[in-house]
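Participant: The file below is my_file_31.cif, mmCIF, C-alpha atoms and all ligand atoms:
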```cif
data_coords
loop_
_atom_site.label_atom_id
_atom_site.label_comp_id
_atom_site.auth_asym_id
_atom_site.auth_seq_id
_atom_site.Cartn_x
_atom_site.Cartn_y
_atom_site.Cartn_z
CA MET X 6 99.31 66.02 164.27
CA ARG X 7 101.82 63.68 165.91
CA ILE X 8 105.36 64.77 166.75
CA LEU X 9 108.33 62.56 167.55
CA VAL X 10 110.63 64.02 170.20
CA THR X 11 113.87 62.10 170.71
CA GLY X 12 115.78 62.58 173.96
CA GLY X 13 112.60 63.95 175.53
CA CYS X 14 113.57 62.74 179.01
CA GLY X 15 116.61 65.04 179.12
CA PHE X 16 116.85 68.65 180.24
CA ILE X 17 115.75 70.54 177.11
CA GLY X 18 113.68 67.74 175.56
CA SER X 19 111.47 67.44 178.65
CA SER X 20 110.86 71.19 178.65
CA PHE X 21 109.91 70.99 174.96
CA VAL X 22 107.50 68.07 175.50
CA ARG X 23 105.79 70.05 178.27
CA LEU X 24 105.54 73.14 176.05
CA VAL X 25 104.02 71.24 173.13
CA LEU X 26 101.43 69.48 175.30
CA ALA X 27 100.47 72.81 176.88
CA GLU X 28 100.41 74.98 173.75
CA ARG X 29 99.24 72.59 171.02
CA PRO X 30 96.12 70.85 172.39
CA ASP X 31 95.54 68.87 169.19
CA TRP X 32 99.09 67.45 168.96
CA GLU X 33 100.24 64.05 170.19
CA VAL X 34 103.80 63.54 171.41
CA VAL X 35 105.88 60.37 171.08
CA ASN X 36 109.09 60.51 173.13
CA LEU X 37 111.86 58.09 172.14
CA ASP X 38 114.60 58.04 174.76
CA LYS X 39 117.38 55.60 175.62
CA LEU X 40 117.24 56.71 179.27
CA THR X 41 120.99 57.14 179.63
CA TYR X 42 122.34 58.62 182.90
CA ALA X 43 120.97 61.98 181.68
CA GLY X 44 117.49 60.80 180.69
CA ARG X 45 115.05 60.67 183.59
CA LEU X 46 111.39 59.69 183.51
CA GLU X 47 110.78 61.90 186.55
CA ASN X 48 111.55 64.95 184.38
CA LEU X 49 108.09 64.44 182.85
CA ARG X 50 106.24 62.99 185.83
CA ASP X 51 103.68 65.83 185.64
CA VAL X 52 102.54 64.90 182.10
CA GLU X 53 102.96 61.12 182.03
CA ALA X 54 99.21 60.54 182.50
CA ASP X 55 98.30 62.81 179.57
CA PRO X 56 96.64 60.56 176.93
CA ARG X 57 98.33 62.60 174.18
CA TYR X 58 101.79 61.61 175.49
CA ARG X 59 103.66 58.34 175.02
CA VAL X 60 107.23 57.47 176.02
CA LEU X 61 109.19 54.65 174.39
CA ARG X 62 112.52 53.44 175.67
CA GLY X 63 114.86 53.02 172.72
CA ASP X 64 118.09 54.06 171.05
CA ILE X 65 118.16 56.40 168.05
CA CYS X 66 120.96 54.20 166.66
CA ASP X 67 118.49 51.30 166.39
CA PRO X 68 116.59 51.50 163.05
CA GLU X 69 113.73 49.33 164.30
CA ALA X 70 113.16 51.40 167.43
CA VAL X 71 113.29 54.56 165.32
CA HIS X 72 110.83 53.17 162.78
CA ASP X 73 108.35 52.12 165.47
CA ALA X 74 108.53 55.55 167.10
CA MET X 75 108.43 57.63 163.92
CA VAL X 76 105.73 55.83 161.98
CA GLY X 77 102.53 57.91 162.08
CA CYS X 78 104.41 61.13 162.94
CA THR X 79 104.46 64.20 160.72
CA LEU X 80 107.13 66.13 162.61
CA ALA X 81 110.32 65.21 164.50
CA VAL X 82 112.71 67.09 166.75
CA ASN X 83 115.98 65.41 167.65
CA PHE X 84 117.29 66.34 171.10
CA ALA X 85 118.88 62.92 171.76
CA ALA X 86 122.60 63.30 172.26
CA GLU X 87 125.56 62.81 174.52
CA THR X 88 125.91 66.38 175.71
CA HIS X 89 128.69 66.95 178.23
CA VAL X 90 132.03 68.29 176.96
CA ASP X 91 133.98 66.98 179.99
CA ARG X 92 132.68 63.45 179.43
CA SER X 93 133.64 63.66 175.75
CA LEU X 94 137.20 64.38 176.92
CA LEU X 95 137.16 61.19 178.99
CA GLY X 96 135.94 59.10 176.01
CA ALA X 97 134.25 60.04 172.75
CA ALA X 98 132.86 56.74 171.42
CA HIS X 99 129.27 57.25 172.68
CA PHE X 100 129.33 60.77 171.23
CA ILE X 101 130.18 59.48 167.76
CA ASP X 102 127.48 56.81 168.06
CA THR X 103 124.57 58.95 169.19
CA ASP X 104 125.45 62.41 167.89
CA ILE X 105 126.44 61.24 164.39
CA LYS X 106 125.34 57.67 163.65
CA GLY X 107 122.05 58.08 165.52
CA VAL X 108 121.26 61.22 163.52
CA LEU X 109 121.87 59.24 160.33
CA VAL X 110 119.36 56.56 161.40
CA LEU X 111 116.76 59.25 162.16
CA LEU X 112 117.31 61.03 158.86
CA GLU X 113 117.03 57.80 156.86
CA GLU X 114 113.70 57.01 158.49
CA ALA X 115 112.47 60.60 158.07
CA ARG X 116 113.30 60.31 154.39
CA ARG X 117 111.55 56.95 154.02
CA LEU X 118 108.42 58.08 155.85
CA GLY X 119 108.29 61.50 154.18
CA LEU X 120 108.16 63.64 157.32
CA ALA X 121 106.94 67.22 156.86
CA ARG X 122 109.64 68.71 159.18
CA PHE X 123 112.76 67.38 160.93
CA VAL X 124 114.46 69.72 163.39
CA GLN X 125 118.04 68.86 164.32
CA ILE X 126 119.06 70.46 167.62
CA SER X 127 122.64 71.56 167.12
CA THR X 128 124.71 73.92 169.26
CA ASP X 129 126.73 77.14 169.16
CA GLU X 130 129.75 74.99 170.04
CA VAL X 131 130.05 73.81 166.42
CA TYR X 132 131.48 77.26 165.55
CA GLY X 133 134.30 76.95 168.08
CA SER X 134 135.61 79.87 170.12
CA ILE X 135 135.49 83.57 169.19
CA GLU X 136 137.53 86.34 170.85
CA SER X 137 135.38 89.25 169.67
CA GLY X 138 132.24 89.69 167.59
CA SER X 139 129.61 86.99 167.08
CA PHE X 140 129.04 84.01 164.82
CA THR X 141 126.35 84.15 162.16
CA GLU X 142 124.82 81.09 160.49
CA THR X 143 127.31 81.40 157.62
CA SER X 144 130.42 81.47 159.84
CA LEU X 145 132.85 78.60 159.33
CA LEU X 146 132.42 75.61 161.62
CA ASN X 147 135.47 74.98 163.79
CA PRO X 148 134.50 72.52 166.54
CA ARG X 149 137.36 72.05 168.99
CA ASN X 150 136.40 69.17 171.28
CA PRO X 151 134.94 65.69 170.68
CA TYR X 152 131.43 66.80 171.77
CA SER X 153 131.28 69.75 169.41
CA ALA X 154 132.94 67.78 166.60
CA SER X 155 130.31 65.04 166.83
CA LYS X 156 127.51 67.65 167.00
CA ALA X 157 128.97 69.30 163.89
CA GLY X 158 128.84 65.89 162.19
CA GLY X 159 125.13 65.50 163.01
CA ASP X 160 124.44 69.10 162.00
CA ARG X 161 126.04 68.69 158.55
CA LEU X 162 124.50 65.24 157.98
CA ALA X 163 121.09 66.79 158.55
CA TYR X 164 121.92 69.50 156.01
CA ALA X 165 123.15 66.83 153.57
CA TYR X 166 119.79 65.04 153.79
CA TRP X 167 118.09 68.28 152.81
CA SER X 168 120.42 69.12 149.94
CA THR X 169 120.65 65.55 148.64
CA TYR X 170 117.22 64.06 149.25
CA GLY X 171 115.05 67.07 150.06
CA VAL X 172 114.26 65.94 153.60
CA PRO X 173 112.76 69.15 155.07
CA VAL X 174 115.39 69.69 157.74
CA ILE X 175 115.75 72.74 159.98
CA ILE X 176 118.91 73.14 162.10
CA THR X 177 119.06 75.18 165.30
CA ARG X 178 122.28 76.27 167.01
CA ALA X 179 121.58 77.54 170.51
CA SER X 180 123.81 78.90 173.22
CA ASN X 181 124.15 77.49 176.77
CA ASN X 182 120.76 76.68 178.29
CA TYR X 183 119.86 77.05 181.95
CA GLY X 184 116.72 76.23 183.92
CA PRO X 185 115.04 73.43 185.95
CA TYR X 186 115.80 69.71 185.46
CA GLN X 187 119.36 70.21 184.15
CA TYR X 188 121.58 67.28 185.07
CA PRO X 189 123.98 68.46 187.80
CA GLU X 190 127.14 67.86 185.78
CA LYS X 191 126.69 71.19 183.97
CA LEU X 192 127.99 74.44 185.47
CA ILE X 193 124.85 76.00 186.94
CA PRO X 194 123.13 72.97 188.53
CA LEU X 195 126.48 71.57 189.72
CA PHE X 196 127.45 74.81 191.43
CA VAL X 197 123.99 75.43 192.93
CA THR X 198 123.73 71.93 194.41
CA ASN X 199 127.35 71.92 195.63
CA ALA X 200 126.89 75.35 197.23
CA LEU X 201 123.71 74.21 198.98
CA ARG X 202 125.83 71.55 200.67
CA GLY X 203 128.78 73.81 201.44
CA GLN X 204 130.94 71.92 198.94
CA ALA X 205 133.68 73.40 196.72
CA LEU X 206 132.72 74.98 193.40
CA PRO X 207 135.42 73.78 190.97
CA LEU X 208 135.96 76.73 188.64
CA TYR X 209 138.12 75.87 185.64
CA GLY X 210 141.20 77.95 184.80
CA ASP X 211 140.91 81.68 185.48
CA GLY X 212 137.09 81.55 185.50
CA ARG X 213 136.90 84.15 182.75
CA ASN X 214 135.59 81.97 179.91
CA VAL X 215 132.42 83.48 178.49
CA ARG X 216 129.15 81.72 177.72
CA ASP X 217 125.87 83.18 176.44
CA TRP X 218 123.03 81.97 178.70
CA LEU X 219 119.61 81.21 177.26
CA HIS X 220 116.65 80.16 179.39
CA VAL X 221 115.48 76.67 178.40
CA SER X 222 111.89 77.90 177.97
CA ASP X 223 113.02 80.48 175.40
CA HIS X 224 115.03 77.84 173.54
CA CYS X 225 111.95 75.57 173.41
CA ARG X 226 109.70 78.41 172.25
CA ALA X 227 112.20 79.12 169.46
CA ILE X 228 112.15 75.47 168.35
CA LEU X 229 108.34 75.37 168.24
CA PHE X 230 108.35 78.69 166.39
CA LEU X 231 110.82 77.36 163.80
CA LEU X 232 108.87 74.13 163.32
CA GLU X 233 106.00 76.32 162.14
CA HIS X 234 107.79 79.31 160.59
CA GLY X 235 111.31 78.14 159.66
CA THR X 236 112.44 77.37 156.11
CA PRO X 237 113.70 73.87 155.30
CA GLY X 238 117.43 73.68 154.62
CA GLU X 239 118.13 76.69 156.84
CA VAL X 240 120.21 77.05 160.01
CA TYR X 241 119.04 79.35 162.83
CA ASN X 242 121.12 80.62 165.75
CA VAL X 243 119.20 80.91 169.03
CA ALA X 244 120.87 83.28 171.52
CA GLY X 245 120.09 84.50 175.00
CA ASP X 246 121.94 87.83 174.57
CA ASN X 247 123.37 87.24 178.04
CA GLU X 248 127.11 86.84 177.84
CA ARG X 249 128.74 86.29 181.22
CA GLU X 250 132.09 85.17 182.52
CA ASN X 251 131.90 81.95 184.55
CA ILE X 252 133.16 83.76 187.64
CA GLU X 253 130.23 86.17 187.41
CA ILE X 254 127.72 83.29 187.19
CA THR X 255 129.45 81.62 190.15
CA ARG X 256 129.29 84.76 192.31
CA LYS X 257 125.65 85.30 191.35
CA ILE X 258 124.73 81.76 192.48
CA LEU X 259 126.53 82.22 195.81
CA HIS X 260 124.91 85.60 196.33
CA LEU X 261 121.41 84.22 195.62
CA LEU X 262 122.01 81.37 198.07
CA GLY X 263 123.69 83.54 200.72
CA ARG X 264 126.80 81.31 200.67
CA PRO X 265 130.42 82.51 201.00
CA GLU X 266 132.73 83.15 198.04
CA SER X 267 135.34 81.05 199.83
CA LEU X 268 133.57 78.04 198.25
CA ILE X 269 135.00 79.09 194.87
CA THR X 270 137.89 76.71 194.16
CA PRO X 271 140.01 77.40 191.07
CA VAL X 272 140.99 74.06 189.55
CA GLN X 273 143.01 72.80 186.60
CA ASP X 274 141.43 73.98 183.36
CA ARG X 275 139.49 71.81 180.91
CA VAL X 276 141.80 70.87 178.03
CA GLY X 277 141.07 72.80 174.82
CA HIS X 278 138.60 74.96 176.79
CA ASP X 279 136.77 77.27 174.35
CA ARG X 280 137.24 80.83 175.59
CA ARG X 281 134.08 82.50 174.40
CA TYR X 282 130.86 81.63 172.59
CA SER X 283 128.80 84.37 171.00
CA LEU X 284 125.91 84.21 168.56
CA ASP X 285 124.29 86.69 166.24
CA ALA X 286 120.63 85.61 166.23
CA SER X 287 119.27 88.37 164.01
CA LYS X 288 118.08 85.83 161.41
CA LEU X 289 115.64 84.33 163.93
CA GLY X 290 114.82 87.81 165.26
CA GLY X 291 113.99 88.88 161.69
CA LEU X 292 111.21 86.28 161.64
CA GLY X 293 109.70 87.95 164.70
CA PHE X 294 110.96 85.72 167.50
CA ARG X 295 112.14 87.28 170.78
CA PRO X 296 113.40 85.55 173.94
CA ARG X 297 111.20 86.48 176.93
CA VAL X 298 113.09 85.56 180.08
CA ASP X 299 115.15 88.31 181.68
CA PHE X 300 118.42 86.77 182.89
CA GLU X 301 118.34 88.22 186.43
CA GLN X 302 114.85 86.85 186.97
CA GLY X 303 115.57 83.58 185.16
CA ILE X 304 118.67 82.76 187.18
CA ALA X 305 116.96 83.65 190.48
CA GLU X 306 114.01 81.37 189.63
CA THR X 307 116.33 78.60 188.48
CA VAL X 308 118.37 78.69 191.69
CA ARG X 309 115.14 78.67 193.68
CA TRP X 310 113.91 75.63 191.73
CA TYR X 311 116.96 73.59 192.80
CA VAL X 312 116.51 74.79 196.40
CA GLU X 313 112.87 73.66 196.37
CA ASN X 314 113.33 70.43 194.42
CA GLU X 315 115.87 68.41 196.34
CA TRP X 316 113.70 65.35 195.58
CA TRP X 317 114.94 65.65 192.01
CA TRP X 318 118.71 66.09 192.45
CA LYS X 319 119.52 64.60 195.84
CA PRO X 320 118.93 60.90 195.00
CA LEU X 321 120.76 61.47 191.76
CA LYS X 322 123.87 62.88 193.45
CA ASP X 323 123.81 60.59 196.51
CA HIS X 324 122.53 57.24 195.32
CA ASP X 325 123.30 57.10 191.63
CA GLY X 326 126.68 55.30 191.52
CA GLU X 327 127.13 56.64 187.99
CA PHE X 328 127.18 60.26 189.16
CA ARG X 329 129.57 59.53 192.01
CA ARG X 330 131.98 57.65 189.73
CA TYR X 331 131.93 60.49 187.23
CA TYR X 332 132.44 63.15 189.90
CA GLU X 333 135.41 61.30 191.35
CA GLN X 334 136.98 60.83 187.93
CA GLN X 335 136.41 64.41 186.83
CA TYR X 336 137.13 66.28 190.06
CA GLY X 337 138.95 63.85 192.41
CA GLU X 338 142.46 64.96 191.49
CA ARG X 339 141.45 68.52 190.69
CA LEU X 340 140.05 69.06 194.17
CA GLY X 341 142.77 66.96 195.86
P1 LIG O 1 120.67 65.97 178.24
O1 LIG O 1 122.03 65.33 178.36
O2 LIG O 1 120.03 66.55 179.43
O3 LIG O 1 119.65 64.91 177.62
C1 LIG O 1 119.97 64.08 176.53
C2 LIG O 1 118.80 63.10 176.36
O4 LIG O 1 119.08 62.26 175.23
C3 LIG O 1 118.62 62.15 177.56
O5 LIG O 1 117.26 62.02 177.85
C4 LIG O 1 119.21 60.84 177.07
O6 LIG O 1 118.67 59.70 177.71
C5 LIG O 1 118.86 60.90 175.59
N1 LIG O 1 119.74 60.06 174.77
C6 LIG O 1 121.09 60.01 174.78
N2 LIG O 1 121.53 59.12 173.88
C7 LIG O 1 120.42 58.60 173.28
C8 LIG O 1 120.23 57.64 172.25
N3 LIG O 1 121.27 57.02 171.66
N4 LIG O 1 118.96 57.35 171.87
C9 LIG O 1 117.89 57.95 172.47
N5 LIG O 1 118.03 58.86 173.44
C10 LIG O 1 119.28 59.19 173.85
O7 LIG O 1 120.84 67.03 177.07
P2 LIG O 1 120.20 68.50 176.89
O8 LIG O 1 121.04 69.47 177.62
O9 LIG O 1 118.76 68.43 177.13
O10 LIG O 1 120.48 68.73 175.33
C11 LIG O 1 119.51 68.35 174.34
C12 LIG O 1 120.04 68.71 172.97
O11 LIG O 1 120.30 70.11 172.89
C13 LIG O 1 121.35 68.02 172.60
O12 LIG O 1 121.29 67.66 171.25
C14 LIG O 1 122.39 69.09 172.82
O13 LIG O 1 123.53 68.88 172.01
C15 LIG O 1 121.63 70.34 172.45
N6 LIG O 1 122.07 71.59 173.07
C16 LIG O 1 122.20 71.66 174.43
C17 LIG O 1 122.56 72.87 175.02
C18 LIG O 1 122.69 73.00 176.53
O14 LIG O 1 123.10 74.05 177.00
N7 LIG O 1 122.31 72.01 177.32
C19 LIG O 1 122.79 73.99 174.22
C20 LIG O 1 122.63 73.88 172.82
C21 LIG O 1 122.26 72.66 172.27
P1 LIG O 2 129.25 73.48 180.87
O1 LIG O 2 128.05 73.65 181.72
O2 LIG O 2 129.98 72.17 180.93
O3 LIG O 2 128.82 73.84 179.38
P2 LIG O 2 129.76 74.01 178.04
O4 LIG O 2 131.09 73.47 178.29
O5 LIG O 2 129.00 73.16 177.08
O6 LIG O 2 129.75 75.46 177.75
O7 LIG O 2 130.30 74.61 181.23
C1 LIG O 2 129.99 75.99 181.15
C2 LIG O 2 131.26 76.75 181.48
O8 LIG O 2 131.59 76.50 182.85
C3 LIG O 2 132.46 76.31 180.66
O9 LIG O 2 133.27 77.45 180.37
C4 LIG O 2 133.21 75.38 181.60
C5 LIG O 2 132.91 75.95 182.98
N1 LIG O 2 132.87 74.95 184.08
C6 LIG O 2 133.68 75.11 185.21
O10 LIG O 2 134.41 76.10 185.35
N2 LIG O 2 133.63 74.15 186.19
C7 LIG O 2 132.84 73.05 186.09
O11 LIG O 2 132.86 72.19 187.02
C8 LIG O 2 131.99 72.90 184.93
C9 LIG O 2 131.09 71.72 184.78
C10 LIG O 2 132.04 73.89 183.95
#
```
I'd like the structure from this file rewritten - as structure tokens, please.
Facilitator:
Amino acid sequence: MRILVTGGCGFIGSSFVRLVLAERPDWEVVNLDKLTYAGRLENLRDVEADPRYRVLRGDICDPEAVHDAMVGCTLAVNFAAETHVDRSLLGAAHFIDTDIKGVLVLLEEARRLGLARFVQISTDEVYGSIESGSFTETSLLNPRNPYSASKAGGDRLAYAYWSTYGVPVIITRASNNYGPYQYPEKLIPLFVTNALRGQALPLYGDGRNVRDWLHVSDHCRAILFLLEHGTPGEVYNVAGDNERENIEITRKILHLLGRPESLITPVQDRVGHDRRYSLDASKLGGLGFRPRVDFEQGIAETVRWYVENEWWWKPLKDHDGEFRRYYEQQYGERLG
């Protein structure tokens, strides 16, 4: 069995590649990744010598690159995407390209080659914000920023390839992931690495927006589970059942690191900032899947990972001009 993983050098994709190589000894993995700022070969340094693993540098928008990577595969999971909401507010063109047009290229090739399963990794953000209660898979989609709008486009295109051409597509919509190897633009790794250096933690608005936090290993287990037990044409929510206000996450990080709360710096809010995400994942639970990682343990281990793995994030924050330019653009004025 050979599986194509796209975006496998990113945060979640790299965790999934590692899981598959560890848990499915007779599977081969082909990883197609453009290696954008977020895709890093070092995320999979520990498995790069495995003969069952192959990485190809290429763009999912390029039909030839997609054909070369997909031919010979039976399964595919598409993680490749532009993923950061704040960047989508600075410019959405790359999001439309990768998160919509790239998905189309993948689906066309999956159709031509007759893949047995194609999993499209979508997100809870396609539902938009919810004040109370939780979204189910049949809730209306109401994406409210360019990132979530482009993800909704990819999500529905995947569904269209099932309903029109019978491509055996499965769509997952997960909540916010946390864990090792997350690019330090996202809340948790940004705040941990800033706090370690005694730098300000730029908390948007009143800090009371709510996210549901899912450990990346549980998300990846759910994807593998659905590859084998999910029904084509279906959407599955994947939740962590861990809703927290951002201020609570921030205080937890500072507490775990023994750093002062004076580092918390309220800054101008993100425009169109979704207030709360919440998922009802009983459909996946009904198939017998349960997340394993307890949040208190998961966040403590995650914070410790960044403390112990400066080799991973320090060069990225200090020597990658791309990160510095982004940080200045995003936070320069906000932090004065
Ligand atoms: P990430 O930004 O860490 O990694 C994205 C990966 O995709 C990188 O390796 C990048 O190089 C690659 N990529 C980008 N454009 C590409 C292209 N055109 N062709 C080939 N490769 C390309 O993202 P992540 O956090 O690991 O997210 C993975 C997927 O999960 C995304 O589809 C995202 O929308 C979804 N998701 C993420 C979260 C979260 O909390 N991080 C939650 C739910 C869903
Ligand atoms: P983020 O990690 O960007 O994920 P998403 O926007 O996809 O949920 O942000 C998580 C929450 O943290 C979100 O409510 C925005 C907030 N946030 C801040 O307050 N400050 C920051 O610097 C960042 C990056 C996020």
Participant: So which residues are near ligand LIG 2 (chain O), meaning at most 9 Å away with all atoms listed in the file counted, given back as a PyMOL selection string?
Facilitator: chain X and resi 88-91+128+130+152-153+180-183+189-196+206-217+250-252+254-255+271-272+274-275+278-282+335-336
Participant: Where does chain X meet ligand LIG 1 (chain O) within 7 Å, residue by residue, with the nearest atom pair and distance in Å to one decimal for each, counting all atoms listed in the file, listed by chain and rising number, as a Markdown table?
Facilitator:
```
| residue | atom | partner | partner_atom | distance |
| --- | --- | --- | --- | --- |
| X:Thr11 | CA | O:LIG1 | N5 | 5.9 |
| X:Gly12 | CA | O:LIG1 | O4 | 3.6 |
| X:Gly13 | CA | O:LIG1 | O5 | 5.6 |
| X:Cys14 | CA | O:LIG1 | O5 | 3.9 |
| X:Gly15 | CA | O:LIG1 | O5 | 3.3 |
| X:Phe16 | CA | O:LIG1 | O9 | 3.7 |
| X:Ile17 | CA | O:LIG1 | O9 | 3.7 |
| X:Gly18 | CA | O:LIG1 | O9 | 5.4 |
| X:Leu37 | CA | O:LIG1 | C9 | 6.0 |
| X:Asp38 | CA | O:LIG1 | N5 | 3.8 |
| X:Lys39 | CA | O:LIG1 | C9 | 4.0 |
| X:Leu40 | CA | O:LIG1 | O6 | 3.7 |
| X:Thr41 | CA | O:LIG1 | O6 | 4.0 |
| X:Tyr42 | CA | O:LIG1 | O6 | 6.4 |
| X:Ala43 | CA | O:LIG1 | C3 | 4.7 |
| X:Gly44 | CA | O:LIG1 | O5 | 3.1 |
| X:Arg45 | CA | O:LIG1 | O5 | 6.3 |
| X:Gly63 | CA | O:LIG1 | C9 | 5.8 |
| X:Asp64 | CA | O:LIG1 | N4 | 3.5 |
| X:Ile65 | CA | O:LIG1 | N4 | 4.0 |
| X:Cys66 | CA | O:LIG1 | N3 | 5.7 |
| X:Asn83 | CA | O:LIG1 | O12 | 6.8 |
| X:Phe84 | CA | O:LIG1 | C12 | 4.1 |
| X:Ala85 | CA | O:LIG1 | O4 | 3.5 |
| X:Ala86 | CA | O:LIG1 | C6 | 4.4 |
| X:Glu87 | CA | O:LIG1 | C6 | 5.3 |
| X:Thr88 | CA | O:LIG1 | O1 | 4.8 |
| X:His89 | CA | O:LIG1 | O1 | 6.9 |
| X:Thr103 | CA | O:LIG1 | N3 | 4.6 |
| X:Gly107 | CA | O:LIG1 | N3 | 6.3 |
| X:Ile126 | CA | O:LIG1 | O12 | 5.1 |
| X:Ser127 | CA | O:LIG1 | C21 | 5.3 |
| X:Thr128 | CA | O:LIG1 | C21 | 4.1 |
| X:Asp129 | CA | O:LIG1 | C20 | 6.4 |
| X:Lys156 | CA | O:LIG1 | O13 | 6.5 |
| X:Arg178 | CA | O:LIG1 | C20 | 6.3 |
| X:Ala179 | CA | O:LIG1 | C20 | 4.5 |
| X:Ser180 | CA | O:LIG1 | C19 | 5.1 |
| X:Asn181 | CA | O:LIG1 | O14 | 3.6 |
| X:Asn182 | CA | O:LIG1 | O14 | 3.7 |
| X:Tyr183 | CA | O:LIG1 | O14 | 6.6 |
| X:Gln187 | CA | O:LIG1 | O2 | 6.0 |
| X:Tyr188 | CA | O:LIG1 | O2 | 5.9 |
```
Participant: Kindly indicate which residue among X:Ile176, X:Ile269, X:Leu262, X:Ala97 lies nearest to X:Ala154, using all atoms listed in the file for the distances.
Facilitator: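 Smallest distance to X:Ala154 is found for X:Ala97.
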Participant: Suppose you want the space between atom CA of X:Val131 and atom CA of X:Trp167; what is it in Å?
Facilitator: 18.9 Å
Participant: Please, what distance in Å, to one decimal, runs between atom CA of X:Tyr58 and atom CA of X:Val22?
Facilitator: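 According to the coordinates, atom CA of X:Tyr58 and atom CA of X:Val22 are separated by 8.6 Å.
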Participant: Mind giving me the straight-line distance from atom CA of X:Ala27 to atom CA of X:Val108 in Å, one decimal?
Facilitator: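 One can read the atom CA of X:Ala27 to atom CA of X:Val108 distance as 27.3 Å.
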Participant: Between X:Val10, X:Leu95, X:Arg161, X:Leu49, which has the minimum distance to X:Gln334 (counting only C-alpha atoms)?
Facilitator: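 Once distances to X:Gln334 are computed over only C-alpha atoms, the minimum belongs to X:Leu95.
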Participant: Taking only C-alpha atoms into account, which of X:Glu47, X:Leu9, X:Val71, X:Thr177 comes nearest X:Thr141?
Facilitator: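 Closest candidate: X:Thr177.
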Participant: Pick the closest to X:Tyr241 from X:Ser155, X:Ser222, X:Ser287, X:Asn36: which is it, counting all atoms listed in the file?
Facilitator: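 Using all atoms listed in the file, X:Tyr241 sits closest to X:Ser287.
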Participant: Between X:Thr169, X:Ser144, X:Thr270, X:Ser19, which residue has the minimum interatomic distance to X:Tyr186, considering only C-alpha atoms?
Facilitator: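 Looking only at the distances to X:Tyr186, the closest residue turns out to be X:Ser19.
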Participant: Return the single residue from X:Asn150, X:Gln204, X:Thr143, X:Ser20 that is closest to X:Pro265, with distances computed using all atoms listed in the file.
Facilitator: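 Smallest separation from X:Pro265 among the options: X:Gln204.
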Participant: Write out as a list of chain:residue names which residues come within 9 Å of stretch 313-320 of chain X when counting all atoms listed in the file, dropping same-chain ones fewer than 2 positions away.
Facilitator: X:Glu47, X:Asn48, X:Tyr186, X:Tyr188, X:Pro189, X:Thr198, X:Val308, X:Arg309, X:Trp310, X:Tyr311, X:Lys322, X:Asp323, X:His324, X:Asp325
